[in-house]
Amino acid sequence: MRGAIDKFLLVFFLAVPICVTAAEFRGLIEPHKVVKVGSASEGVLATVNVDRGELVRKGQVLATLQSGVERASMEVARARSEMEGPIKGKEAGKALYEGKKIRTERIYKRQLSSPAEMEEADANMVVAAMQFKEAQENKRLAELEYKRASEVVKRMTILSPIDGVVVDRFLSPGEYVKDQPLMKLAQINPLNIEVIIPAQYFPAIKVGMHATIVPEASFGGEYTAVVKIVDRVIDAASGTFGVRLHLPNPRNRLPAGIKCKVIFPSK
């Protein structure tokens with residue numbers, strides 16, 4: 001009788017599904033990217049266009065360096081690159097000597113000119129052709145010099161590398177920029193959710209999974225994030241591993257640097 005009861009209970013428990021509750025962990029909402037913006041060139045700051053807390057767009061002008069000398073050099077290079085007189089003069093000389101050579105060849109074939117005159121015509125045409133080629137090369141060099149000067153001037157303008165917010169500003173107009181950062185930016189769309197999870201959950205957490213994010217009480221609301229990184233090495237001392245999720249943050253509605261709950265769905 002006892003054996004029949006045990007068998008019945010075993011069949012009953014196998015037939016009834018076991019309810020597994022969702023796993024909840026503590027996490028931290030962090031910026032997706034933090035960038036310390038510096039200058040590609042040394043110099044004195046002329047303008048700083050943004051301050052701490054301001055939103056910036058990728059490619060926006062953040063600051064400029066004093067660039068009067070560099071801009072003047074660029075204008076000189078531009079003028080040289082646009083000069084057509086030298087190359088047109090050499091082209092005309094080349095055409096002149098080509099015509100002279102043709103006429104000398106005709107006379108020479110009729111034996112009305114000497115070999116020395118023919119040789120002189122050949123030499124003049126070769127020299128004229130070389131001078132024309134040199135003028136073309138000089139124009140090309142002038143164009144490259146203008147391009148180089150333009151790039152120097154561009155480096156005097158500091159652009160934002162990301163869409164984000166100014167976390168801090170370290171320098172002001174009039175200060176000298178060398179190898180120190182000008183300001184720090186943070187990209188907060190998307191946001192990173194960093195969470196430390198006990199090792200026993202390692203088989204259950206997969207890249208691409210969705211989780212519910214509940215920011216601390218003062219911010220409220222529930223949001224959906226996606227697992228992007230699962231650490232492949234478990235920390236032996238704590239028996240935990242790290243997971244990073246991405247949380248879309250349109251209009252930057254959530255700030256970074258706040259705590260949250262990370263709730264993974266039940267299986």
# chains A, B, ... in the order shown; residues from 1 in each chain; ligands from 1

$ residues_around --residues "Asn124 (chain A)" --least-positions-apart "2" --cutoff "10 Å" --atoms "only C-alpha atoms" --output "JSON, numbers by chain"
{"A": [93, 94, 96, 97, 98, 100, 101, 118, 119, 120, 121, 122, 126, 127, 128, 129, 130]}

$ write_last_selection --atoms "C-alpha atoms" --output "short mmCIF file (atom, residue, chain, number, x, y, z; two decimals), in the first residue's frame"
data_model
loop_
_atom_site.label_atom_id
_atom_site.label_comp_id
_atom_site.auth_asym_id
_atom_site.auth_seq_id
_atom_site.Cartn_x
_atom_site.Cartn_y
_atom_site.Cartn_z
CA GLY A 93 55.54 78.21 -75.21
CA LYS A 94 55.22 74.48 -75.79
CA LEU A 96 55.01 77.66 -80.16
CA TYR A 97 58.04 75.38 -80.27
CA GLU A 98 55.95 72.47 -81.54
CA LYS A 100 58.45 75.73 -85.10
CA LYS A 101 59.61 72.14 -85.14
CA MET A 118 66.70 70.68 -86.95
CA GLU A 119 68.53 69.67 -83.78
CA GLU A 120 67.89 73.08 -82.26
CA ALA A 121 64.17 72.80 -83.04
CA ASP A 122 64.05 69.36 -81.41
CA VAL A 126 61.84 69.11 -75.51
CA VAL A 127 62.71 72.00 -73.16
CA ALA A 128 59.31 73.62 -73.70
CA ALA A 129 57.55 70.30 -72.97
CA MET A 130 59.57 69.86 -69.77
#

$ residues_around --residues "Glu30 (chain A)" --least-positions-apart "4" --cutoff "6 Å" --atoms "only C-alpha atoms" --output "number ranges by chain"
A: 191-192, 256-257

$ write_last_selection --atoms "C-alpha atoms" --output "PDB file, in the first residue's frame"
ATOM      1  CA  LEU A 191      22.426  53.523 -21.603  1.00  0.00           C
ATOM      2  CA  ASN A 192      24.481  50.630 -20.255  1.00  0.00           C
ATOM      3  CA  ALA A 256      23.114  57.848 -15.948  1.00  0.00           C
ATOM      4  CA  GLY A 257      24.593  57.031 -12.568  1.00  0.00           C
TER       5      GLY A 257
END

$ closest_residue --among "A:Gln180, A:Thr240, A:Gln136, A:Ser39" --to "Tyr201 (chain A)" --atoms "only C-alpha atoms"
A:Thr240

$ select_by_dssp --residues "region 9-150 of chain A" --states "helix (DSSP H, G or I)" --output "short mmCIF file (atom, residue, chain, number, x, y, z; two decimals) with N, CA, C and O atoms, in the first residue's frame"
data_model
loop_
_atom_site.label_atom_id
_atom_site.label_comp_id
_atom_site.auth_asym_id
_atom_site.auth_seq_id
_atom_site.Cartn_x
_atom_site.Cartn_y
_atom_site.Cartn_z
N LEU A 9 2.23 9.74 -5.86
CA LEU A 9 2.78 11.08 -5.59
C LEU A 9 3.84 11.47 -6.60
O LEU A 9 3.92 12.63 -7.04
N LEU A 10 4.70 10.51 -6.99
CA LEU A 10 5.75 10.80 -7.96
C LEU A 10 5.15 11.19 -9.30
O LEU A 10 5.55 12.18 -9.92
N VAL A 11 4.13 10.45 -9.77
CA VAL A 11 3.47 10.76 -11.03
C VAL A 11 2.79 12.12 -10.94
O VAL A 11 2.82 12.92 -11.88
N PHE A 12 2.21 12.44 -9.78
CA PHE A 12 1.50 13.72 -9.61
C PHE A 12 2.47 14.90 -9.76
O PHE A 12 2.20 15.86 -10.47
N PHE A 13 3.61 14.82 -9.07
CA PHE A 13 4.56 15.93 -9.10
C PHE A 13 5.21 16.09 -10.47
O PHE A 13 5.54 17.19 -10.89
N LEU A 14 5.39 15.01 -11.20
CA LEU A 14 5.93 15.10 -12.56
C LEU A 14 4.93 15.75 -13.50
O LEU A 14 5.31 16.42 -14.46
N ALA A 15 3.66 15.55 -13.26
CA ALA A 15 2.63 16.07 -14.17
C ALA A 15 2.33 17.53 -13.92
O ALA A 15 1.87 18.23 -14.81
N GLY A 68 44.61 82.68 -36.53
CA GLY A 68 44.81 83.75 -37.50
C GLY A 68 45.96 83.47 -38.44
O GLY A 68 45.84 83.64 -39.67
N VAL A 69 47.10 83.03 -37.91
CA VAL A 69 48.28 82.76 -38.75
C VAL A 69 48.00 81.60 -39.69
O VAL A 69 48.33 81.65 -40.89
N GLU A 70 47.39 80.56 -39.17
CA GLU A 70 47.11 79.38 -39.99
C GLU A 70 46.12 79.69 -41.11
O GLU A 70 46.26 79.20 -42.23
N ARG A 71 45.14 80.53 -40.82
CA ARG A 71 44.17 80.90 -41.85
C ARG A 71 44.81 81.77 -42.93
O ARG A 71 44.49 81.65 -44.12
N ALA A 72 45.73 82.65 -42.53
CA ALA A 72 46.44 83.47 -43.51
C ALA A 72 47.28 82.58 -44.42
O ALA A 72 47.31 82.78 -45.65
N SER A 73 47.97 81.61 -43.84
CA SER A 73 48.77 80.68 -44.65
C SER A 73 47.88 79.88 -45.60
O SER A 73 48.26 79.61 -46.75
N MET A 74 46.69 79.52 -45.13
CA MET A 74 45.77 78.78 -45.99
C MET A 74 45.33 79.64 -47.17
O MET A 74 45.23 79.14 -48.31
N GLU A 75 45.08 80.92 -46.95
CA GLU A 75 44.65 81.80 -48.04
C GLU A 75 45.77 81.99 -49.06
O GLU A 75 45.51 82.05 -50.27
N VAL A 76 47.02 82.09 -48.60
CA VAL A 76 48.15 82.18 -49.52
C VAL A 76 48.23 80.91 -50.36
O VAL A 76 48.41 80.97 -51.59
N ALA A 77 48.10 79.76 -49.72
CA ALA A 77 48.15 78.49 -50.44
C ALA A 77 47.00 78.37 -51.42
O ALA A 77 47.16 77.85 -52.53
N ARG A 78 45.82 78.84 -51.02
CA ARG A 78 44.67 78.79 -51.93
C ARG A 78 44.92 79.65 -53.17
O ARG A 78 44.64 79.22 -54.30
N ALA A 79 45.46 80.86 -52.96
CA ALA A 79 45.73 81.73 -54.10
C ALA A 79 46.74 81.09 -55.05
O ALA A 79 46.58 81.15 -56.28
N ARG A 80 47.78 80.47 -54.51
CA ARG A 80 48.77 79.82 -55.36
C ARG A 80 48.16 78.65 -56.14
O ARG A 80 48.49 78.43 -57.30
N SER A 81 47.27 77.92 -55.48
CA SER A 81 46.67 76.76 -56.14
C SER A 81 45.75 77.17 -57.29
O SER A 81 45.47 76.36 -58.18
N GLU A 82 45.25 78.41 -57.26
CA GLU A 82 44.32 78.88 -58.29
C GLU A 82 45.02 79.67 -59.40
O GLU A 82 44.36 80.09 -60.36
N GLY A 85 48.28 81.57 -64.59
CA GLY A 85 49.22 82.24 -65.48
C GLY A 85 50.45 81.41 -65.83
O GLY A 85 50.76 81.23 -67.03
N PRO A 86 51.18 80.88 -64.84
CA PRO A 86 52.39 80.13 -65.16
C PRO A 86 52.14 78.93 -66.07
O PRO A 86 52.87 78.71 -67.04
N ILE A 87 51.10 78.17 -65.78
CA ILE A 87 50.86 76.98 -66.57
C ILE A 87 50.38 77.32 -67.98
O ILE A 87 50.76 76.66 -68.96
N LYS A 88 49.60 78.39 -68.12
CA LYS A 88 49.15 78.79 -69.46
C LYS A 88 50.30 79.34 -70.28
O LYS A 88 50.38 79.12 -71.50
N GLY A 89 51.23 80.09 -69.62
CA GLY A 89 52.39 80.60 -70.33
C GLY A 89 53.27 79.48 -70.85
O GLY A 89 53.73 79.52 -72.01
N LYS A 90 53.53 78.47 -70.02
CA LYS A 90 54.35 77.34 -70.46
C LYS A 90 53.65 76.52 -71.54
O LYS A 90 54.28 75.97 -72.43
N GLU A 91 52.32 76.44 -71.44
CA GLU A 91 51.57 75.72 -72.46
C GLU A 91 51.68 76.44 -73.81
O GLU A 91 51.84 75.80 -74.86
N ALA A 92 51.59 77.77 -73.76
CA ALA A 92 51.74 78.53 -75.00
C ALA A 92 53.14 78.38 -75.58
O ALA A 92 53.32 78.26 -76.81
N GLY A 93 54.17 78.41 -74.73
CA GLY A 93 55.54 78.21 -75.21
C GLY A 93 55.73 76.85 -75.83
O GLY A 93 56.40 76.71 -76.87
N LYS A 94 55.13 75.84 -75.23
CA LYS A 94 55.22 74.48 -75.79
C LYS A 94 54.58 74.42 -77.16
O LYS A 94 55.12 73.83 -78.12
N ALA A 95 53.40 75.03 -77.31
CA ALA A 95 52.72 75.03 -78.60
C ALA A 95 53.54 75.78 -79.64
O ALA A 95 53.61 75.38 -80.83
N LEU A 96 54.19 76.87 -79.23
CA LEU A 96 55.01 77.66 -80.16
C LEU A 96 56.16 76.83 -80.70
O LEU A 96 56.40 76.79 -81.92
N TYR A 97 56.87 76.16 -79.83
CA TYR A 97 58.04 75.38 -80.27
C TYR A 97 57.62 74.13 -81.04
O TYR A 97 58.37 73.65 -81.90
N GLU A 98 56.44 73.58 -80.73
CA GLU A 98 55.95 72.47 -81.54
C GLU A 98 55.70 72.91 -82.97
O GLU A 98 56.03 72.21 -83.94
N GLY A 99 55.11 74.11 -83.12
CA GLY A 99 54.88 74.65 -84.47
C GLY A 99 56.18 74.92 -85.20
O GLY A 99 56.31 74.63 -86.41
N LYS A 100 57.16 75.47 -84.49
CA LYS A 100 58.45 75.73 -85.10
C LYS A 100 59.12 74.45 -85.56
O LYS A 100 59.74 74.39 -86.63
N LYS A 101 58.99 73.40 -84.76
CA LYS A 101 59.61 72.14 -85.14
C LYS A 101 58.97 71.59 -86.40
O LYS A 101 59.66 71.08 -87.30
N ILE A 102 57.65 71.67 -86.48
CA ILE A 102 56.95 71.17 -87.68
C ILE A 102 57.41 71.93 -88.92
O ILE A 102 57.70 71.33 -89.98
N ARG A 103 57.52 73.24 -88.80
CA ARG A 103 57.96 74.03 -89.96
C ARG A 103 59.41 73.72 -90.32
O ARG A 103 59.75 73.61 -91.51
N THR A 104 60.26 73.54 -89.31
CA THR A 104 61.67 73.22 -89.58
C THR A 104 61.79 71.85 -90.24
O THR A 104 62.63 71.65 -91.13
N GLU A 105 60.97 70.89 -89.82
CA GLU A 105 61.00 69.55 -90.44
C GLU A 105 60.64 69.63 -91.93
O GLU A 105 61.26 68.97 -92.78
N ARG A 106 59.64 70.43 -92.26
CA ARG A 106 59.24 70.57 -93.66
C ARG A 106 60.37 71.17 -94.50
O ARG A 106 60.68 70.70 -95.61
N ILE A 107 61.02 72.20 -93.95
CA ILE A 107 62.12 72.84 -94.67
C ILE A 107 63.31 71.89 -94.77
O ILE A 107 63.98 71.80 -95.82
N TYR A 108 63.55 71.14 -93.70
CA TYR A 108 64.69 70.22 -93.68
C TYR A 108 64.50 69.11 -94.73
O TYR A 108 65.47 68.69 -95.39
N LYS A 109 63.26 68.63 -94.85
CA LYS A 109 63.00 67.58 -95.84
C LYS A 109 63.25 68.07 -97.26
O LYS A 109 63.56 67.30 -98.16
N PRO A 115 71.18 70.47 -90.59
CA PRO A 115 70.90 69.55 -89.47
C PRO A 115 70.95 70.26 -88.13
O PRO A 115 70.21 69.90 -87.21
N ALA A 116 71.82 71.27 -87.99
CA ALA A 116 71.92 71.99 -86.72
C ALA A 116 70.61 72.70 -86.39
O ALA A 116 70.18 72.74 -85.23
N GLU A 117 69.95 73.26 -87.39
CA GLU A 117 68.66 73.92 -87.17
C GLU A 117 67.59 72.91 -86.74
O GLU A 117 66.74 73.22 -85.89
N MET A 118 67.66 71.73 -87.32
CA MET A 118 66.70 70.68 -86.95
C MET A 118 66.93 70.23 -85.52
O MET A 118 65.99 70.05 -84.74
N GLU A 119 68.21 70.07 -85.15
CA GLU A 119 68.53 69.67 -83.78
C GLU A 119 68.10 70.74 -82.78
O GLU A 119 67.61 70.44 -81.69
N GLU A 120 68.29 72.00 -83.14
CA GLU A 120 67.89 73.08 -82.26
C GLU A 120 66.38 73.10 -82.07
O GLU A 120 65.88 73.32 -80.96
N ALA A 121 65.63 72.85 -83.14
CA ALA A 121 64.17 72.80 -83.04
C ALA A 121 63.71 71.67 -82.13
O ALA A 121 62.79 71.83 -81.31
N ASP A 122 64.37 70.50 -82.28
CA ASP A 122 64.05 69.36 -81.41
C ASP A 122 64.32 69.70 -79.94
O ASP A 122 63.50 69.41 -79.05
N ALA A 123 65.50 70.30 -79.69
CA ALA A 123 65.88 70.62 -78.31
C ALA A 123 64.92 71.64 -77.71
O ALA A 123 64.51 71.52 -76.55
N ASN A 124 64.56 72.66 -78.50
CA ASN A 124 63.64 73.68 -77.99
C ASN A 124 62.29 73.09 -77.62
O ASN A 124 61.66 73.47 -76.62
N MET A 125 61.80 72.15 -78.44
CA MET A 125 60.51 71.53 -78.15
C MET A 125 60.57 70.68 -76.88
O MET A 125 59.64 70.68 -76.07
N VAL A 126 61.68 69.94 -76.71
CA VAL A 126 61.84 69.11 -75.51
C VAL A 126 61.86 69.99 -74.25
O VAL A 126 61.21 69.69 -73.25
N VAL A 127 62.63 71.09 -74.31
CA VAL A 127 62.71 72.00 -73.16
C VAL A 127 61.34 72.61 -72.85
O VAL A 127 60.93 72.70 -71.68
N ALA A 128 60.63 73.03 -73.91
CA ALA A 128 59.31 73.62 -73.70
C ALA A 128 58.35 72.62 -73.08
O ALA A 128 57.54 72.96 -72.20
N ALA A 129 58.42 71.35 -73.53
CA ALA A 129 57.55 70.30 -72.97
C ALA A 129 57.87 70.06 -71.50
O ALA A 129 56.97 69.89 -70.67
N MET A 130 59.17 70.07 -71.16
CA MET A 130 59.57 69.86 -69.77
C MET A 130 59.13 71.02 -68.88
O MET A 130 58.70 70.82 -67.74
N GLN A 131 59.23 72.25 -69.42
CA GLN A 131 58.80 73.41 -68.65
C GLN A 131 57.29 73.40 -68.42
O GLN A 131 56.81 73.77 -67.34
N PHE A 132 56.54 72.94 -69.41
CA PHE A 132 55.09 72.83 -69.25
C PHE A 132 54.74 71.78 -68.20
O PHE A 132 53.88 72.00 -67.34
N LYS A 133 55.45 70.65 -68.25
CA LYS A 133 55.21 69.60 -67.27
C LYS A 133 55.57 70.09 -65.86
O LYS A 133 54.85 69.80 -64.88
N GLU A 134 56.66 70.85 -65.75
CA GLU A 134 57.06 71.40 -64.45
C GLU A 134 55.99 72.36 -63.92
O GLU A 134 55.69 72.36 -62.71
N ALA A 135 55.41 73.17 -64.80
CA ALA A 135 54.35 74.09 -64.38
C ALA A 135 53.13 73.31 -63.87
O ALA A 135 52.49 73.70 -62.88
N GLN A 136 52.81 72.20 -64.56
CA GLN A 136 51.69 71.36 -64.11
C GLN A 136 51.98 70.77 -62.74
O GLN A 136 51.10 70.72 -61.87
N GLU A 137 53.21 70.30 -62.54
CA GLU A 137 53.59 69.70 -61.26
C GLU A 137 53.56 70.75 -60.15
O GLU A 137 53.14 70.46 -59.02
N ASN A 138 54.01 71.98 -60.46
CA ASN A 138 53.98 73.04 -59.46
C ASN A 138 52.55 73.38 -59.05
O ASN A 138 52.28 73.66 -57.88
N LYS A 139 51.64 73.36 -60.02
CA LYS A 139 50.24 73.62 -59.69
C LYS A 139 49.67 72.52 -58.81
O LYS A 139 48.93 72.79 -57.86
N ARG A 140 50.03 71.28 -59.13
CA ARG A 140 49.58 70.16 -58.32
C ARG A 140 50.12 70.27 -56.89
O ARG A 140 49.39 70.03 -55.91
N LEU A 141 51.39 70.65 -56.76
CA LEU A 141 51.98 70.84 -55.43
C LEU A 141 51.28 71.97 -54.68
O LEU A 141 51.06 71.89 -53.46
N ALA A 142 50.94 73.03 -55.40
CA ALA A 142 50.23 74.15 -54.77
C ALA A 142 48.86 73.71 -54.27
O ALA A 142 48.40 74.12 -53.20
N GLU A 143 48.18 72.86 -55.04
CA GLU A 143 46.87 72.35 -54.62
C GLU A 143 47.01 71.47 -53.37
O GLU A 143 46.18 71.55 -52.46
N LEU A 144 48.07 70.65 -53.34
CA LEU A 144 48.29 69.81 -52.16
C LEU A 144 48.65 70.64 -50.94
O LEU A 144 48.24 70.33 -49.82
N GLU A 145 49.42 71.71 -51.15
CA GLU A 145 49.78 72.59 -50.05
C GLU A 145 48.53 73.29 -49.49
O GLU A 145 48.39 73.46 -48.27
N TYR A 146 47.62 73.66 -50.39
CA TYR A 146 46.37 74.27 -49.94
C TYR A 146 45.54 73.25 -49.14
O TYR A 146 44.96 73.59 -48.10
N LYS A 147 45.53 72.02 -49.60
CA LYS A 147 44.79 70.98 -48.87
C LYS A 147 45.41 70.77 -47.49
O LYS A 147 44.69 70.62 -46.49
N ARG A 148 46.74 70.75 -47.43
CA ARG A 148 47.41 70.58 -46.13
C ARG A 148 47.09 71.75 -45.20
O ARG A 148 46.78 71.56 -44.02
N ALA A 149 47.16 72.97 -45.73
CA ALA A 149 46.86 74.15 -44.92
C ALA A 149 45.42 74.14 -44.44
O ALA A 149 45.13 74.55 -43.30
N SER A 150 44.51 73.65 -45.28
CA SER A 150 43.10 73.56 -44.88
C SER A 150 42.92 72.57 -43.74
O SER A 150 42.13 72.82 -42.80
#

$ select_by_dssp --residues "region 50-201 of chain A" --states "strand (DSSP E)" --output "ChimeraX atom specification"
/A:55-56,61-65,157-159,164-169,176-177,183-198

$ closest_residue --among "A:Val165, A:Leu62, A:Val34, A:Ile263" --to "Val214 (chain A)" --atoms "only C-alpha atoms"
A:Ile263

$ closest_residue --among "A:Ile213, A:Ala63, A:Cys260, A:Met156" --to "Pro248 (chain A)" --atoms "only C-alpha atoms"
A:Ile213
